[in-house]
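So this one's run-v2.cif, mmCIF, N, CA and C atoms:
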data_run
loop_
_atom_site.label_atom_id
_atom_site.label_comp_id
_atom_site.auth_asym_id
_atom_site.auth_seq_id
_atom_site.Cartn_x
_atom_site.Cartn_y
_atom_site.Cartn_z
N MET A 6 154.62 78.76 135.17
CA MET A 6 153.83 77.56 135.02
C MET A 6 152.70 77.87 134.03
N PRO A 7 152.73 77.29 132.83
CA PRO A 7 151.69 77.57 131.85
C PRO A 7 150.38 76.93 132.25
N PRO A 8 149.24 77.49 131.82
CA PRO A 8 147.96 76.90 132.16
C PRO A 8 147.80 75.52 131.51
N VAL A 9 147.06 74.66 132.18
CA VAL A 9 146.80 73.33 131.68
C VAL A 9 145.69 73.42 130.63
N SER A 10 145.91 72.84 129.44
CA SER A 10 144.92 72.98 128.38
C SER A 10 143.63 72.22 128.69
N ASP A 11 143.72 71.01 129.15
CA ASP A 11 142.56 70.22 129.53
C ASP A 11 142.77 69.71 130.96
N PRO A 12 142.42 70.52 131.95
CA PRO A 12 142.71 70.12 133.32
C PRO A 12 141.92 68.88 133.75
N LEU A 13 142.55 68.06 134.56
CA LEU A 13 141.87 66.89 135.13
C LEU A 13 140.91 67.30 136.24
N PHE A 14 141.21 68.43 136.89
CA PHE A 14 140.36 68.87 137.99
C PHE A 14 140.49 70.37 138.17
N ARG A 15 139.54 70.90 138.93
CA ARG A 15 139.56 72.31 139.30
C ARG A 15 139.81 72.40 140.80
N PHE A 16 140.42 73.49 141.20
CA PHE A 16 140.83 73.69 142.59
C PHE A 16 140.34 75.06 143.00
N ALA A 17 139.47 75.14 144.02
CA ALA A 17 138.93 76.41 144.50
C ALA A 17 139.28 76.58 145.97
N CYS A 18 139.92 77.71 146.29
CA CYS A 18 140.30 77.97 147.67
C CYS A 18 140.70 79.44 147.82
N ALA A 19 140.86 79.85 149.05
CA ALA A 19 141.44 81.15 149.35
C ALA A 19 142.96 80.99 149.36
N PRO A 20 143.69 82.02 148.98
CA PRO A 20 145.15 81.87 148.93
C PRO A 20 145.77 81.53 150.28
N GLY A 21 145.17 81.99 151.37
CA GLY A 21 145.74 81.75 152.69
C GLY A 21 145.85 80.29 153.08
N VAL A 22 144.98 79.42 152.52
CA VAL A 22 145.07 78.01 152.89
C VAL A 22 146.31 77.35 152.30
N LEU A 23 146.92 77.99 151.31
CA LEU A 23 148.11 77.42 150.69
C LEU A 23 149.40 77.92 151.33
N ASP A 24 149.28 78.86 152.27
CA ASP A 24 150.46 79.34 153.00
C ASP A 24 151.10 78.18 153.75
N GLY A 25 152.40 78.15 153.73
CA GLY A 25 153.11 77.12 154.48
C GLY A 25 153.23 75.80 153.77
N ALA A 26 152.69 75.68 152.57
CA ALA A 26 152.86 74.44 151.81
C ALA A 26 154.32 74.30 151.43
N PRO A 27 154.82 73.08 151.38
CA PRO A 27 156.21 72.89 150.97
C PRO A 27 156.48 73.51 149.60
N ALA A 28 157.70 73.95 149.39
CA ALA A 28 158.08 74.56 148.12
C ALA A 28 157.71 73.64 146.96
N GLY A 29 157.02 74.18 145.98
CA GLY A 29 156.66 73.42 144.79
C GLY A 29 155.41 72.57 144.91
N TRP A 30 154.84 72.46 146.11
CA TRP A 30 153.68 71.58 146.30
C TRP A 30 152.49 72.04 145.47
N VAL A 31 152.15 73.31 145.54
CA VAL A 31 150.99 73.82 144.80
C VAL A 31 151.23 73.66 143.30
N ALA A 32 152.40 74.02 142.83
CA ALA A 32 152.70 73.89 141.40
C ALA A 32 152.58 72.44 140.95
N THR A 33 153.04 71.51 141.76
CA THR A 33 152.92 70.09 141.43
C THR A 33 151.47 69.66 141.35
N MET A 34 150.66 70.10 142.30
CA MET A 34 149.24 69.75 142.30
C MET A 34 148.52 70.32 141.08
N LEU A 35 149.01 71.44 140.59
CA LEU A 35 148.34 72.11 139.48
C LEU A 35 148.91 71.74 138.11
N GLU A 36 149.84 70.79 138.08
CA GLU A 36 150.37 70.35 136.79
C GLU A 36 149.27 69.77 135.92
N GLU A 37 148.24 69.22 136.56
CA GLU A 37 147.13 68.63 135.81
C GLU A 37 145.80 69.27 136.17
N GLY A 38 145.84 70.38 136.89
CA GLY A 38 144.61 71.04 137.30
C GLY A 38 144.69 72.53 137.10
N GLU A 39 143.58 73.21 137.42
CA GLU A 39 143.56 74.66 137.35
C GLU A 39 143.00 75.19 138.67
N ILE A 40 143.43 76.39 139.02
CA ILE A 40 143.03 76.99 140.28
C ILE A 40 142.21 78.25 140.04
N ALA A 41 141.23 78.46 140.89
CA ALA A 41 140.49 79.72 140.94
C ALA A 41 140.41 80.09 142.42
N LEU A 42 140.78 81.31 142.72
CA LEU A 42 140.85 81.74 144.12
C LEU A 42 139.60 82.46 144.58
N LEU A 43 139.34 82.29 145.86
CA LEU A 43 138.32 83.05 146.57
C LEU A 43 139.07 84.06 147.42
N ALA A 44 138.64 85.30 147.40
CA ALA A 44 139.32 86.31 148.21
C ALA A 44 139.16 85.99 149.68
N ASP A 45 140.19 86.26 150.45
CA ASP A 45 140.12 86.10 151.90
C ASP A 45 140.64 87.37 152.55
N GLY A 46 140.91 87.33 153.82
CA GLY A 46 141.37 88.50 154.55
C GLY A 46 142.67 89.09 154.03
N GLY A 47 143.43 88.30 153.29
CA GLY A 47 144.69 88.80 152.73
C GLY A 47 144.49 89.68 151.51
N GLY A 48 143.27 89.66 150.95
CA GLY A 48 142.94 90.52 149.82
C GLY A 48 143.83 90.33 148.61
N LEU A 49 143.98 91.40 147.86
CA LEU A 49 144.75 91.36 146.62
C LEU A 49 146.22 91.04 146.87
N ASP A 50 146.75 91.46 148.01
CA ASP A 50 148.16 91.16 148.32
C ASP A 50 148.39 89.66 148.39
N ALA A 51 147.49 88.92 149.02
CA ALA A 51 147.63 87.46 149.14
C ALA A 51 147.50 86.79 147.77
N ILE A 52 146.58 87.27 146.97
CA ILE A 52 146.38 86.71 145.63
C ILE A 52 147.62 86.96 144.78
N THR A 53 148.14 88.17 144.84
CA THR A 53 149.34 88.53 144.08
C THR A 53 150.53 87.70 144.54
N ALA A 54 150.68 87.54 145.84
CA ALA A 54 151.80 86.74 146.37
C ALA A 54 151.73 85.31 145.87
N LEU A 55 150.53 84.73 145.86
CA LEU A 55 150.40 83.36 145.36
C LEU A 55 150.70 83.30 143.87
N ALA A 56 150.20 84.25 143.09
CA ALA A 56 150.50 84.27 141.66
C ALA A 56 152.00 84.35 141.41
N HIS A 57 152.70 85.18 142.20
CA HIS A 57 154.16 85.26 142.07
C HIS A 57 154.81 83.94 142.46
N ALA A 58 154.36 83.34 143.54
CA ALA A 58 154.95 82.07 144.00
C ALA A 58 154.78 80.97 142.95
N LEU A 59 153.66 81.02 142.21
CA LEU A 59 153.41 80.02 141.17
C LEU A 59 153.94 80.44 139.81
N ASP A 60 154.56 81.63 139.75
CA ASP A 60 155.08 82.19 138.51
C ASP A 60 154.00 82.32 137.45
N LEU A 61 152.83 82.80 137.89
CA LEU A 61 151.70 83.03 136.99
C LEU A 61 151.54 84.53 136.75
N VAL A 62 151.37 84.90 135.51
CA VAL A 62 151.12 86.30 135.17
C VAL A 62 149.66 86.64 135.47
N THR A 63 148.78 85.66 135.26
CA THR A 63 147.36 85.84 135.56
C THR A 63 146.90 84.69 136.45
N ILE A 64 145.84 84.94 137.19
CA ILE A 64 145.26 83.89 138.03
C ILE A 64 143.76 84.13 138.10
N SER A 65 142.99 83.06 138.05
CA SER A 65 141.53 83.19 138.10
C SER A 65 141.06 83.52 139.51
N LEU A 66 140.04 84.35 139.54
CA LEU A 66 139.45 84.76 140.82
C LEU A 66 137.94 84.56 140.73
N LEU A 67 137.39 83.82 141.68
CA LEU A 67 135.94 83.64 141.73
C LEU A 67 135.32 84.88 142.36
N ARG A 68 134.21 85.31 141.82
CA ARG A 68 133.59 86.53 142.33
C ARG A 68 133.12 86.32 143.77
N ALA A 69 133.16 87.39 144.52
CA ALA A 69 132.67 87.38 145.91
C ALA A 69 131.16 87.54 145.87
N GLU A 70 130.49 86.89 146.79
CA GLU A 70 129.03 86.94 146.87
C GLU A 70 128.59 87.50 148.21
N GLN A 71 127.32 87.88 148.28
CA GLN A 71 126.75 88.50 149.48
C GLN A 71 126.55 87.51 150.63
N THR A 72 126.22 86.26 150.31
CA THR A 72 125.91 85.28 151.35
C THR A 72 126.74 84.02 151.15
N PRO A 73 126.91 83.23 152.20
CA PRO A 73 127.61 81.95 152.04
C PRO A 73 126.93 81.02 151.01
N ALA A 74 125.60 81.01 150.99
CA ALA A 74 124.88 80.15 150.03
C ALA A 74 125.18 80.60 148.59
N GLN A 75 125.20 81.90 148.36
CA GLN A 75 125.53 82.40 147.02
C GLN A 75 126.98 82.08 146.66
N GLN A 76 127.88 82.17 147.64
CA GLN A 76 129.29 81.86 147.37
C GLN A 76 129.44 80.40 147.00
N GLU A 77 128.73 79.53 147.71
CA GLU A 77 128.78 78.10 147.36
C GLU A 77 128.24 77.87 145.95
N ALA A 78 127.15 78.55 145.59
CA ALA A 78 126.59 78.40 144.25
C ALA A 78 127.59 78.84 143.18
N THR A 79 128.38 79.86 143.46
CA THR A 79 129.39 80.32 142.51
C THR A 79 130.48 79.28 142.33
N VAL A 80 130.93 78.68 143.43
CA VAL A 80 131.95 77.63 143.31
C VAL A 80 131.39 76.42 142.57
N ILE A 81 130.14 76.07 142.84
CA ILE A 81 129.50 74.96 142.15
C ILE A 81 129.42 75.24 140.65
N ALA A 82 129.08 76.46 140.29
CA ALA A 82 129.05 76.82 138.87
C ALA A 82 130.45 76.72 138.25
N TYR A 83 131.47 77.13 138.98
CA TYR A 83 132.85 77.02 138.50
C TYR A 83 133.23 75.56 138.27
N ALA A 84 132.81 74.68 139.16
CA ALA A 84 133.16 73.27 139.04
C ALA A 84 132.65 72.67 137.73
N ALA A 85 131.45 73.11 137.31
CA ALA A 85 130.82 72.57 136.09
C ALA A 85 130.84 71.04 136.17
N ALA A 86 131.32 70.40 135.14
CA ALA A 86 131.34 68.93 135.10
C ALA A 86 132.73 68.37 135.39
N GLN A 87 133.59 69.17 135.99
CA GLN A 87 134.96 68.76 136.28
C GLN A 87 135.07 68.24 137.72
N PRO A 88 135.99 67.32 137.98
CA PRO A 88 136.31 66.99 139.37
C PRO A 88 136.78 68.27 140.08
N LEU A 89 136.58 68.30 141.38
CA LEU A 89 136.85 69.54 142.13
C LEU A 89 137.49 69.26 143.47
N VAL A 90 138.52 70.05 143.79
CA VAL A 90 139.04 70.17 145.15
C VAL A 90 138.56 71.53 145.62
N TRP A 91 137.81 71.55 146.72
CA TRP A 91 137.22 72.79 147.23
C TRP A 91 137.58 72.91 148.70
N ILE A 92 138.30 73.97 149.03
CA ILE A 92 138.72 74.20 150.40
C ILE A 92 138.03 75.46 150.90
N ALA A 93 137.34 75.35 152.02
CA ALA A 93 136.61 76.48 152.59
C ALA A 93 136.55 76.30 154.11
N PRO A 94 136.26 77.38 154.84
CA PRO A 94 136.15 77.27 156.29
C PRO A 94 135.05 76.31 156.74
N ALA A 95 133.95 76.24 155.98
CA ALA A 95 132.84 75.35 156.31
C ALA A 95 132.00 75.13 155.06
N PHE A 96 131.22 74.07 155.07
CA PHE A 96 130.31 73.76 153.97
C PHE A 96 128.92 73.55 154.52
N SER A 97 127.94 74.03 153.80
CA SER A 97 126.55 73.80 154.20
C SER A 97 126.17 72.35 153.90
N GLY A 98 125.06 71.92 154.45
CA GLY A 98 124.55 70.60 154.13
C GLY A 98 124.25 70.46 152.66
N ASP A 99 123.76 71.54 152.04
CA ASP A 99 123.46 71.51 150.61
C ASP A 99 124.73 71.29 149.79
N ALA A 100 125.81 71.96 150.15
CA ALA A 100 127.07 71.79 149.42
C ALA A 100 127.62 70.38 149.61
N ALA A 101 127.53 69.86 150.81
CA ALA A 101 128.00 68.50 151.07
C ALA A 101 127.19 67.48 150.28
N ARG A 102 125.87 67.65 150.23
CA ARG A 102 125.02 66.74 149.44
C ARG A 102 125.36 66.85 147.95
N TRP A 103 125.54 68.07 147.46
CA TRP A 103 125.91 68.26 146.06
C TRP A 103 127.20 67.50 145.75
N ALA A 104 128.19 67.65 146.61
CA ALA A 104 129.48 67.00 146.38
C ALA A 104 129.34 65.48 146.38
N HIS A 105 128.52 64.97 147.27
CA HIS A 105 128.34 63.52 147.39
C HIS A 105 127.56 62.95 146.20
N GLN A 106 126.59 63.70 145.69
CA GLN A 106 125.68 63.19 144.67
C GLN A 106 126.16 63.43 143.24
N ARG A 107 127.08 64.34 143.03
CA ARG A 107 127.48 64.64 141.65
C ARG A 107 128.35 63.52 141.09
N GLY A 108 128.40 63.43 139.78
CA GLY A 108 129.16 62.38 139.12
C GLY A 108 130.67 62.55 139.27
N PRO A 109 131.21 63.72 138.90
CA PRO A 109 132.67 63.89 139.01
C PRO A 109 133.14 63.85 140.47
N MET A 110 134.33 63.31 140.66
CA MET A 110 134.89 63.26 142.01
C MET A 110 135.00 64.67 142.59
N THR A 111 134.70 64.77 143.88
CA THR A 111 134.76 66.05 144.57
C THR A 111 135.37 65.83 145.94
N LEU A 112 136.34 66.66 146.27
CA LEU A 112 136.97 66.62 147.58
C LEU A 112 136.72 67.94 148.28
N LEU A 113 135.97 67.87 149.40
CA LEU A 113 135.73 69.06 150.23
C LEU A 113 136.64 68.98 151.44
N ILE A 114 137.35 70.06 151.70
CA ILE A 114 138.22 70.13 152.87
C ILE A 114 137.87 71.39 153.63
N GLU A 115 137.52 71.22 154.90
CA GLU A 115 137.25 72.38 155.74
C GLU A 115 138.55 72.86 156.37
N ALA A 116 138.94 74.07 156.02
CA ALA A 116 140.16 74.67 156.56
C ALA A 116 139.99 76.19 156.55
N ASP A 117 140.32 76.80 157.65
CA ASP A 117 140.22 78.26 157.76
C ASP A 117 141.59 78.89 157.92
N GLY A 118 142.59 78.17 157.54
CA GLY A 118 143.97 78.63 157.62
C GLY A 118 144.81 77.68 156.78
N PRO A 119 146.11 77.74 156.93
CA PRO A 119 146.98 76.87 156.13
C PRO A 119 146.62 75.39 156.29
N LEU A 120 146.75 74.65 155.19
CA LEU A 120 146.45 73.22 155.20
C LEU A 120 147.45 72.47 156.07
N SER A 121 146.96 71.44 156.73
CA SER A 121 147.83 70.56 157.50
C SER A 121 148.49 69.56 156.55
N ASP A 122 149.50 68.86 157.04
CA ASP A 122 150.15 67.83 156.23
C ASP A 122 149.13 66.79 155.78
N GLU A 123 148.23 66.39 156.69
CA GLU A 123 147.22 65.37 156.36
C GLU A 123 146.28 65.87 155.27
N GLU A 124 145.88 67.12 155.34
CA GLU A 124 144.99 67.67 154.31
C GLU A 124 145.70 67.72 152.95
N ARG A 125 146.97 68.09 152.95
CA ARG A 125 147.72 68.08 151.68
C ARG A 125 147.84 66.67 151.13
N LYS A 126 148.03 65.69 152.00
CA LYS A 126 148.11 64.29 151.55
C LYS A 126 146.79 63.83 150.95
N ARG A 127 145.66 64.27 151.50
CA ARG A 127 144.36 63.92 150.93
C ARG A 127 144.23 64.48 149.51
N ILE A 128 144.69 65.70 149.31
CA ILE A 128 144.64 66.30 147.98
C ILE A 128 145.56 65.55 147.02
N GLU A 129 146.74 65.17 147.48
CA GLU A 129 147.67 64.40 146.65
C GLU A 129 147.04 63.08 146.21
N ARG A 130 146.40 62.37 147.16
CA ARG A 130 145.75 61.10 146.83
C ARG A 130 144.64 61.31 145.79
N PHE A 131 143.87 62.38 145.96
CA PHE A 131 142.80 62.72 145.03
C PHE A 131 143.38 62.90 143.62
N ALA A 132 144.46 63.67 143.50
CA ALA A 132 145.08 63.93 142.20
C ALA A 132 145.64 62.64 141.59
N VAL A 133 146.21 61.78 142.40
CA VAL A 133 146.75 60.51 141.90
C VAL A 133 145.63 59.63 141.34
N ILE A 134 144.51 59.55 142.08
CA ILE A 134 143.37 58.75 141.62
C ILE A 134 142.85 59.29 140.29
N LEU A 135 142.71 60.61 140.18
CA LEU A 135 142.25 61.19 138.92
C LEU A 135 143.22 60.89 137.78
N GLY A 136 144.51 60.99 138.08
CA GLY A 136 145.52 60.69 137.05
C GLY A 136 145.42 59.26 136.56
N ARG A 137 145.18 58.33 137.48
CA ARG A 137 145.06 56.91 137.09
C ARG A 137 143.81 56.71 136.25
N GLN A 138 142.73 57.38 136.59
CA GLN A 138 141.48 57.24 135.83
C GLN A 138 141.64 57.79 134.42
N ALA A 139 142.51 58.78 134.25
CA ALA A 139 142.70 59.41 132.94
C ALA A 139 143.59 58.60 132.02
N GLU A 140 144.32 57.63 132.58
CA GLU A 140 145.26 56.82 131.76
C GLU A 140 144.53 55.91 130.81
#

C-alpha cells encoding of this file:
Amino acid sequence: MPPVSDPLFRFACAPGVLDGAPAGWVATMLEEGEIALLADGGGLDAITALAHALDLVTISLLRAEQTPAQQEATVIAYAAAQPLVWIAPAFSGDAARWAHQRGPMTLLIEADGPLSDEERKRIERFAVILGRQAE
C-alpha cells in the first residue's frame, strides 16, 4: 500500500487496537489517510506485524513521552491542521476540549484493546464525511 500523497486525515493509535479488524479494513481506511503508531505493550513486534499486514515497508511511529499530558501534546503536534482519528485508552479534559474546539474534524475514540464493530463504523462514517467534503 503506497503512502497517500495528500492525506485527507491522520490516524493515531497503538497497533493493538487494530487487532481483530476485518481483513482489509485498515488498508481501506488508509486509502485516503496516513497512520502514525503509538507504542503499546506489544512493542516492536506489534508494530512490525501491523506493517506486514498493511504491506508497508516503513510505518510512522510517534515518539513515546514521559507523561500522558506530554503524549497527548505529541499527538496534537502530529495532527497539525489535518483532520484526525485518535484512538487511546483515555483522553484528558484538555485533549477533549482541543478536539472539540479545533477547526479540522477530530474523532476521539477511547479503546484499550481491539476496536468494536461500532467503533470501526464510527471511523468509517468519519472517513466518508471527509471524502464528501473533499469532492

Handout entry: Residues returned when the PyMOL selection byres ((chain A and resi 110-127) around 5) runs on this file, as JSON, numbers by chain
Key = {"A": [21, 22, 23, 24, 88, 89, 90, 91, 92, 93, 94, 108, 109, 128, 129, 130, 131]}

Exercise for the section: Please return as an MDAnalysis selection string: the residues of chain A that backbone DSSP assigns to strand (DSSP E or B). Expected result: chainID A and resid 14:18 38:42 65:66 89:93 111:115

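Across A:Leu55, A:Ala84, A:Ala44, A:Leu35, the tightest approach to Ala19 of chain A is made by A:Ala44 when counting all atoms listed in the file.
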
Practice task
From a DSSP calculation on the backbone, collect every residue of segment 22-134 of chain A in helix (DSSP H, G or I) and output the set as a VMD selection string.
Solution key: chain A and resid 22 to 23 30 to 34 48 to 58 73 to 84 98 to 106 122 to 134

Handout entry: For atom C of Trp103 of chain A and atom CA of Ala86 of chain A, the interatomic separation in Å (one decimal)
Key =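 Result for atom C of Trp103 of chain A versus atom CA of Ala86 of chain A: 11.5 Å, one decimal.
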
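With all atoms listed in the file as the basis for measurement, A:Ser97 is the residue among A:Ser97, A:Val31, A:Leu61, A:Leu49 that approaches Pro73 of chain A most closely.
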
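Atom N of Leu67 of chain A is found 22.9 Å from atom CA of His105 of chain A.
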
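Across the structure, atom CA of Gly136 of chain A and atom CA of Trp30 of chain A are spaced 16.5 Å apart.
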
Handout entry: Best match for closeness to Gly29 of chain A among A:Ile134, A:Ala58, A:Thr72, A:Phe96, counting only C-alpha atoms
Key =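 Between A:Ile134, A:Ala58, A:Thr72, A:Phe96, the residue approaching Gly29 of chain A most closely is A:Ala58.
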